[in-house]
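Coordinates as given in model.cif (mmCIF, C-alpha atoms):
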data_query
#
loop_
_atom_site.label_atom_id
_atom_site.label_comp_id
_atom_site.auth_asym_id
_atom_site.auth_seq_id
_atom_site.Cartn_x
_atom_site.Cartn_y
_atom_site.Cartn_z
CA ASP A 1 -6.32 -53.37 48.06
CA ASP A 2 -9.66 -53.31 46.28
CA ALA A 3 -10.40 -49.92 47.77
CA ASN A 4 -7.02 -48.58 46.63
CA HIS A 5 -7.50 -50.01 43.15
CA LEU A 6 -10.97 -48.48 42.95
CA GLN A 7 -9.60 -45.12 44.09
CA GLU A 8 -6.88 -45.27 41.44
CA CYS A 9 -9.49 -45.97 38.77
CA LEU A 10 -11.62 -43.07 39.99
CA ASP A 11 -8.61 -40.74 40.07
CA ARG A 12 -7.62 -41.78 36.55
CA GLU A 13 -11.15 -41.24 35.26
CA HIS A 14 -11.24 -37.84 36.95
CA GLU A 15 -7.94 -36.83 35.36
CA GLU A 16 -9.17 -37.98 31.97
CA TYR A 17 -12.36 -36.00 32.48
CA ILE A 18 -10.37 -32.89 33.41
CA GLU A 19 -8.12 -33.29 30.34
CA GLU A 20 -11.12 -33.74 28.07
CA LYS A 21 -12.74 -30.59 29.47
CA LYS A 22 -9.48 -28.70 28.95
CA ARG A 23 -9.36 -29.82 25.31
CA GLU A 24 -12.98 -28.80 24.81
CA TRP A 25 -12.30 -25.42 26.40
CA ILE A 26 -9.23 -24.83 24.21
CA GLU A 27 -11.10 -25.89 21.07
CA ALA A 28 -13.99 -23.60 21.95
CA LEU A 29 -11.55 -20.73 22.62
CA VAL A 30 -9.78 -21.28 19.28
CA ALA A 31 -13.12 -21.46 17.44
CA THR A 32 -14.27 -18.24 19.11
CA ARG A 33 -11.07 -16.44 18.15
CA LYS A 34 -11.33 -17.68 14.56
CA GLU A 35 -14.91 -16.50 14.42
CA ARG A 36 -13.92 -13.07 15.73
CA ILE A 37 -11.07 -12.80 13.23
CA GLU A 38 -13.37 -13.83 10.38
CA LYS A 39 -15.98 -11.31 11.54
CA ARG A 40 -13.39 -8.52 11.62
CA ARG A 41 -12.17 -9.56 8.17
CA ARG A 42 -15.72 -9.45 6.77
CA GLU A 43 -16.34 -6.07 8.38
CA TRP A 44 -13.08 -4.76 6.94
CA MET A 45 -13.93 -6.06 3.45
CA GLU A 46 -17.45 -4.62 3.65
CA LYS A 47 -16.05 -1.27 4.73
CA GLU A 48 -13.51 -1.33 1.90
CA MET A 49 -16.17 -2.24 -0.66
CA GLU A 50 -18.43 0.53 0.64
CA GLU A 51 -15.56 3.01 0.31
CA GLU A 52 -15.02 1.83 -3.26
CA ARG A 53 -18.71 2.12 -4.02
CA THR A 54 -18.90 5.62 -2.57
CA GLU A 55 -15.75 6.72 -4.36
CA ILE A 56 -16.82 5.36 -7.71
CA MET A 57 -20.56 5.98 -7.68
CA GLU A 58 -20.55 9.42 -6.06
CA ARG A 59 -17.23 11.07 -6.77
CA ASP A 60 -16.12 9.77 -10.16
CA GLU A 61 -18.97 9.38 -12.62
CA ARG A 62 -16.64 8.66 -15.54
CA VAL A 63 -15.21 5.57 -13.84
CA ARG A 64 -18.73 4.41 -13.06
CA ASP A 65 -19.87 5.01 -16.63
CA TRP A 66 -16.86 3.22 -18.08
CA LEU A 67 -17.33 0.15 -15.90
CA GLU A 68 -21.02 0.09 -16.75
CA LEU A 69 -20.12 0.14 -20.44
CA GLN A 70 -17.81 -2.82 -19.98
CA PHE A 71 -20.33 -4.83 -17.99
CA ARG A 72 -23.00 -4.12 -20.60
CA LEU A 73 -20.64 -5.42 -23.25
CA ARG A 74 -20.04 -8.58 -21.25
CA GLU A 75 -23.79 -9.17 -20.85
CA MET A 76 -24.36 -8.67 -24.56
CA ARG A 77 -21.60 -11.12 -25.39
CA MET A 78 -23.24 -13.73 -23.17
CA LYS A 79 -26.54 -13.21 -24.96
CA GLU A 80 -24.78 -13.45 -28.30
CA GLU A 81 -23.33 -16.85 -27.42
CA GLN A 82 -26.84 -18.17 -26.82
CA MET A 83 -27.96 -17.23 -30.32
CA LYS A 84 -26.68 -20.39 -32.01
CA LYS A 85 -28.97 -20.26 -35.05
CA LYS A 86 -27.42 -17.12 -36.49
CA THR A 87 -24.79 -17.35 -39.21
CA LYS A 88 -21.17 -16.38 -38.58
CA GLN A 89 -21.56 -13.36 -40.84
CA CYS A 90 -24.53 -12.04 -38.85
CA GLU A 91 -22.74 -12.68 -35.58
CA LYS A 92 -19.69 -10.77 -36.78
CA LYS A 93 -21.77 -7.77 -37.85
CA GLU A 94 -23.60 -7.80 -34.54
CA GLU A 95 -20.33 -7.96 -32.61
CA GLU A 96 -18.90 -5.04 -34.55
CA SER A 97 -22.09 -3.07 -33.96
CA MET A 98 -21.95 -3.78 -30.23
CA MET A 99 -18.32 -2.76 -30.00
CA ALA A 100 -19.02 0.52 -31.78
CA ALA A 101 -22.09 1.30 -29.67
CA VAL A 102 -21.01 0.04 -26.26
CA ALA A 103 -17.23 0.01 -25.88
CA PRO A 104 -15.25 2.89 -27.41
CA ARG A 105 -11.76 2.00 -28.61
CA ASN A 106 -10.23 4.70 -26.42
CA TYR A 107 -11.71 5.96 -23.17
CA ARG A 108 -10.12 8.29 -20.64
CA ILE A 109 -10.99 7.82 -16.95
CA ASN A 110 -9.46 9.18 -13.78
CA VAL A 111 -8.32 6.30 -11.55
CA ASN A 112 -7.58 6.66 -7.84
CA ALA A 113 -6.62 4.35 -4.96
CA PHE A 114 -10.19 3.08 -4.59
CA SER A 115 -11.29 2.75 -8.21
CA ALA A 116 -7.98 1.08 -9.15
CA ARG A 117 -9.00 -1.95 -7.08
CA SER A 118 -12.36 -2.20 -8.86
CA LEU A 119 -10.67 -1.77 -12.21
CA ALA A 120 -8.20 -4.54 -11.37
CA LYS A 121 -11.06 -6.89 -10.39
CA PHE A 122 -12.71 -6.25 -13.74
CA LEU A 123 -9.47 -6.73 -15.70
CA TRP A 124 -8.86 -10.11 -14.04
CA SER A 125 -11.42 -11.82 -16.30
CA ASP A 126 -11.83 -9.29 -19.13
CA THR A 127 -11.14 -10.50 -22.68
CA TRP A 128 -11.54 -7.28 -24.69
CA ILE A 129 -9.18 -4.62 -23.38
CA LEU A 130 -5.67 -4.69 -24.83
CA SER A 131 -4.03 -1.65 -23.24
CA ILE A 132 -4.37 0.38 -20.03
CA ASP A 133 -2.80 3.80 -19.44
CA VAL A 134 -2.88 5.13 -15.86
CA SER A 135 0.34 7.11 -16.08
CA ASN A 136 0.88 10.34 -14.12
CA MET A 137 -2.13 9.86 -11.82
CA ASN A 138 -0.19 9.91 -8.55
CA LEU A 139 -1.50 6.45 -7.66
CA PRO A 140 -0.21 4.79 -4.46
CA ASP A 141 1.77 1.55 -4.31
CA SER A 142 -1.31 -0.47 -3.36
CA ALA A 143 -3.08 0.57 -6.59
CA GLY A 144 -0.11 -0.59 -8.67
CA ALA A 145 -0.13 -3.93 -6.83
CA TYR A 146 -3.82 -4.41 -7.63
CA LEU A 147 -3.34 -3.61 -11.31
CA CYS A 148 -0.32 -5.89 -11.69
CA ARG A 149 -2.07 -8.71 -9.84
CA ALA A 150 -4.82 -8.62 -12.48
CA LEU A 151 -2.30 -9.99 -14.98
CA LYS A 152 -2.48 -13.35 -13.21
CA GLY A 153 -6.00 -13.91 -14.51
CA ASN A 154 -5.94 -11.81 -17.68
CA SER A 155 -4.54 -13.28 -20.90
CA THR A 156 -5.66 -10.49 -23.27
CA LEU A 157 -3.90 -7.38 -21.96
CA ILE A 158 -0.62 -6.76 -23.74
CA LYS A 159 0.34 -3.25 -22.60
CA TYR A 160 0.45 -1.25 -19.34
CA GLU A 161 1.43 2.43 -19.10
CA LEU A 162 2.12 2.93 -15.37
CA GLY A 163 4.71 5.70 -15.38
CA GLY A 164 4.76 8.70 -13.08
CA ASN A 165 3.01 7.23 -10.04
CA GLU A 166 4.13 6.18 -6.54
CA PHE A 167 4.52 2.48 -7.30
CA SER A 168 7.18 0.76 -5.20
CA SER A 169 7.93 -2.64 -3.62
CA LYS A 170 4.33 -3.93 -3.51
CA THR A 171 3.85 -3.22 -7.20
CA CYS A 172 7.20 -4.79 -8.03
CA LYS A 173 6.41 -7.94 -6.06
CA SER A 174 2.92 -8.25 -7.56
CA LEU A 175 4.31 -7.85 -11.07
CA ALA A 176 6.96 -10.49 -10.39
CA GLU A 177 4.32 -12.98 -9.24
CA SER A 178 2.10 -12.26 -12.26
CA LEU A 179 4.89 -12.66 -14.80
CA GLU A 180 5.49 -16.14 -13.41
CA VAL A 181 2.17 -17.26 -14.95
CA ASN A 182 1.40 -14.70 -17.68
CA GLY A 183 3.11 -15.38 -20.99
CA THR A 184 1.05 -13.07 -23.23
CA PHE A 185 1.72 -9.65 -21.68
CA SER A 186 4.36 -7.85 -23.77
CA SER A 187 4.86 -4.18 -22.81
CA MET A 188 5.25 -2.41 -19.45
CA ASN A 189 6.23 1.21 -18.78
CA LEU A 190 7.15 1.88 -15.13
CA GLU A 191 9.38 4.90 -15.59
CA GLY A 192 9.38 7.56 -12.89
CA ASN A 193 8.19 5.23 -10.10
CA PRO A 194 10.24 4.78 -6.87
CA LEU A 195 10.53 1.02 -7.27
CA VAL A 196 13.83 0.60 -5.45
CA VAL A 197 14.14 3.02 -2.53
CA ASP A 198 14.76 0.69 0.44
CA GLU A 199 15.71 -2.89 1.32
CA GLU A 200 12.18 -4.15 0.73
CA GLY A 201 12.27 -2.57 -2.72
CA LYS A 202 15.60 -4.28 -3.48
CA GLU A 203 14.21 -7.68 -2.49
CA SER A 204 11.09 -7.16 -4.60
CA PHE A 205 13.18 -6.06 -7.57
CA GLU A 206 15.30 -9.19 -7.27
CA MET A 207 12.08 -11.22 -7.42
CA LEU A 208 11.10 -9.31 -10.55
CA SER A 209 14.49 -9.98 -12.11
CA ARG A 210 14.11 -13.72 -11.55
CA SER A 211 10.60 -13.67 -13.03
CA LEU A 212 11.82 -11.77 -16.09
CA ALA A 213 14.48 -14.42 -16.68
CA LYS A 214 11.73 -17.04 -16.94
CA ASN A 215 9.15 -14.98 -18.84
CA SER A 216 9.21 -15.14 -22.62
CA GLY A 217 6.29 -12.82 -23.40
CA LEU A 218 7.51 -9.43 -22.16
CA VAL A 219 9.53 -7.65 -24.86
CA PHE A 220 9.50 -4.07 -23.57
CA LEU A 221 10.10 -2.85 -20.00
CA SER A 222 10.97 0.77 -19.16
CA LEU A 223 12.61 1.30 -15.76
CA TRP A 224 13.97 4.79 -16.38
CA MET A 225 14.22 6.86 -13.17
CA CYS A 226 13.06 3.97 -10.96
CA GLY A 227 16.09 3.94 -8.68
CA VAL A 228 17.30 0.59 -10.01
CA GLY A 229 20.98 1.44 -9.64
CA VAL A 230 24.02 -0.72 -10.30
CA GLU A 231 22.88 -3.66 -8.19
CA GLY A 232 19.52 -3.73 -9.92
CA GLY A 233 21.20 -3.60 -13.30
CA ARG A 234 23.36 -6.58 -12.37
CA ALA A 235 20.28 -8.50 -11.24
CA LEU A 236 18.60 -7.83 -14.59
CA ALA A 237 21.72 -8.85 -16.49
#

Could you spell out this file's structure in structure tokens?
Amino acid sequence: DDANHLQECLDREHEEYIEEKKREWIEALVATRKERIEKRRREWMEKEMEEERTEIMERDERVRDWLELQFRLREMRMKEEQMKKKTKQCEKKEEESMMAAVAPRNYRINVNAFSARSLAKFLWSDTWILSIDVSNMNLPDSAGAYLCRALKGNSTLIKYELGGNEFSSKTCKSLAESLEVNGTFSSMNLEGNPLVVDEEGKESFEMLSRSLAKNSGLVFLSLWMCGVGVEGGRALA
């Protein structure tokens, strides 16, 4: 009996040992897979950022120059905030001087699929720009999604001119999500974009319709020639 009891104890300990090793193996396997996925994600992001850098810095000097102007303005504003001893009148004159010298009131740049993402990143936290016009640039749906997503973080922009591009369901969904939290944006022109061309587009447009019902800031929205149709009109109503 003692021998049998001892054998049972040994068997139980062995089974527990095997189970523990299995758990360790599974945990190690999961950790390895997560590490591989994270590595691939980092490599993908680095590749994307390098493509952006190449596109902006080598192919489109005007985009590069414009972004440099904006970043210079931001740096100067930070320095200005540190100059506490100056009077309000001096600060105002300095600000006006900086705006005139660094950031022109109107600036035309050619935006593409790559530079649109960089522009959207900048707009997320910008507090100077009031209006963006990227109409008739043949931008893809992903670019529209980036630009609309920037409205989640930006509370200064009041107008977007996005007509005449290839914006579709991704743009529509991104805009719907942004309008859920942005109450200051007031004007959007999307005319001539294929917003509603398939089932995914219809679902995204329904999301946009629900967001519009809750949003009190948007006062102008052009959807001319966007394929909205009767169902879309009913959703908006």

*Between atom CA of A:Pro194 and atom CA of A:Tyr146, measure the distance and give it in Å to one decimal.*
16.8 Å

*Neighbours of A:Thr127 within 8 Å (all atoms listed in the file; same-chain residues fewer than 5 positions away dropped), as a ChimeraX atom specification?*
/A:154-157

*In Å, how far is it from atom CA of A:Leu73 to atom CA of A:Val181?*
27.0 Å

_One number please: atom CA of A:Val219 to atom CA of A:Tyr160, in Å, one decimal._
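Interatomic distance, atom CA of A:Val219 to atom CA of A:Tyr160: 12.4 Å.
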
*Show which residues sit within 7 Å of A:Gly153, as a list in words. Count only C-alpha atoms, and ignore same-chain residues fewer than 2 positions away.*
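Selected residues are Trp124, Ser125, Ala150, Leu151 and Ser155 of chain A.
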
*Take the PyMOL selection byres ((chain A and resi 174) around 10), apply it to the structure above, and return the hits as an MDAnalysis selection string.*
chainID A and resid 142 144:152 169:173 175:179 204 207:208

_Among listed residues A:Lys202, A:Arg234, A:Lys159, A:Lys21, nearest A:Leu221 (using all atoms listed in the file)_ =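 Nearest candidate to A:Leu221 out of A:Lys202, A:Arg234, A:Lys159, A:Lys21: A:Lys159.
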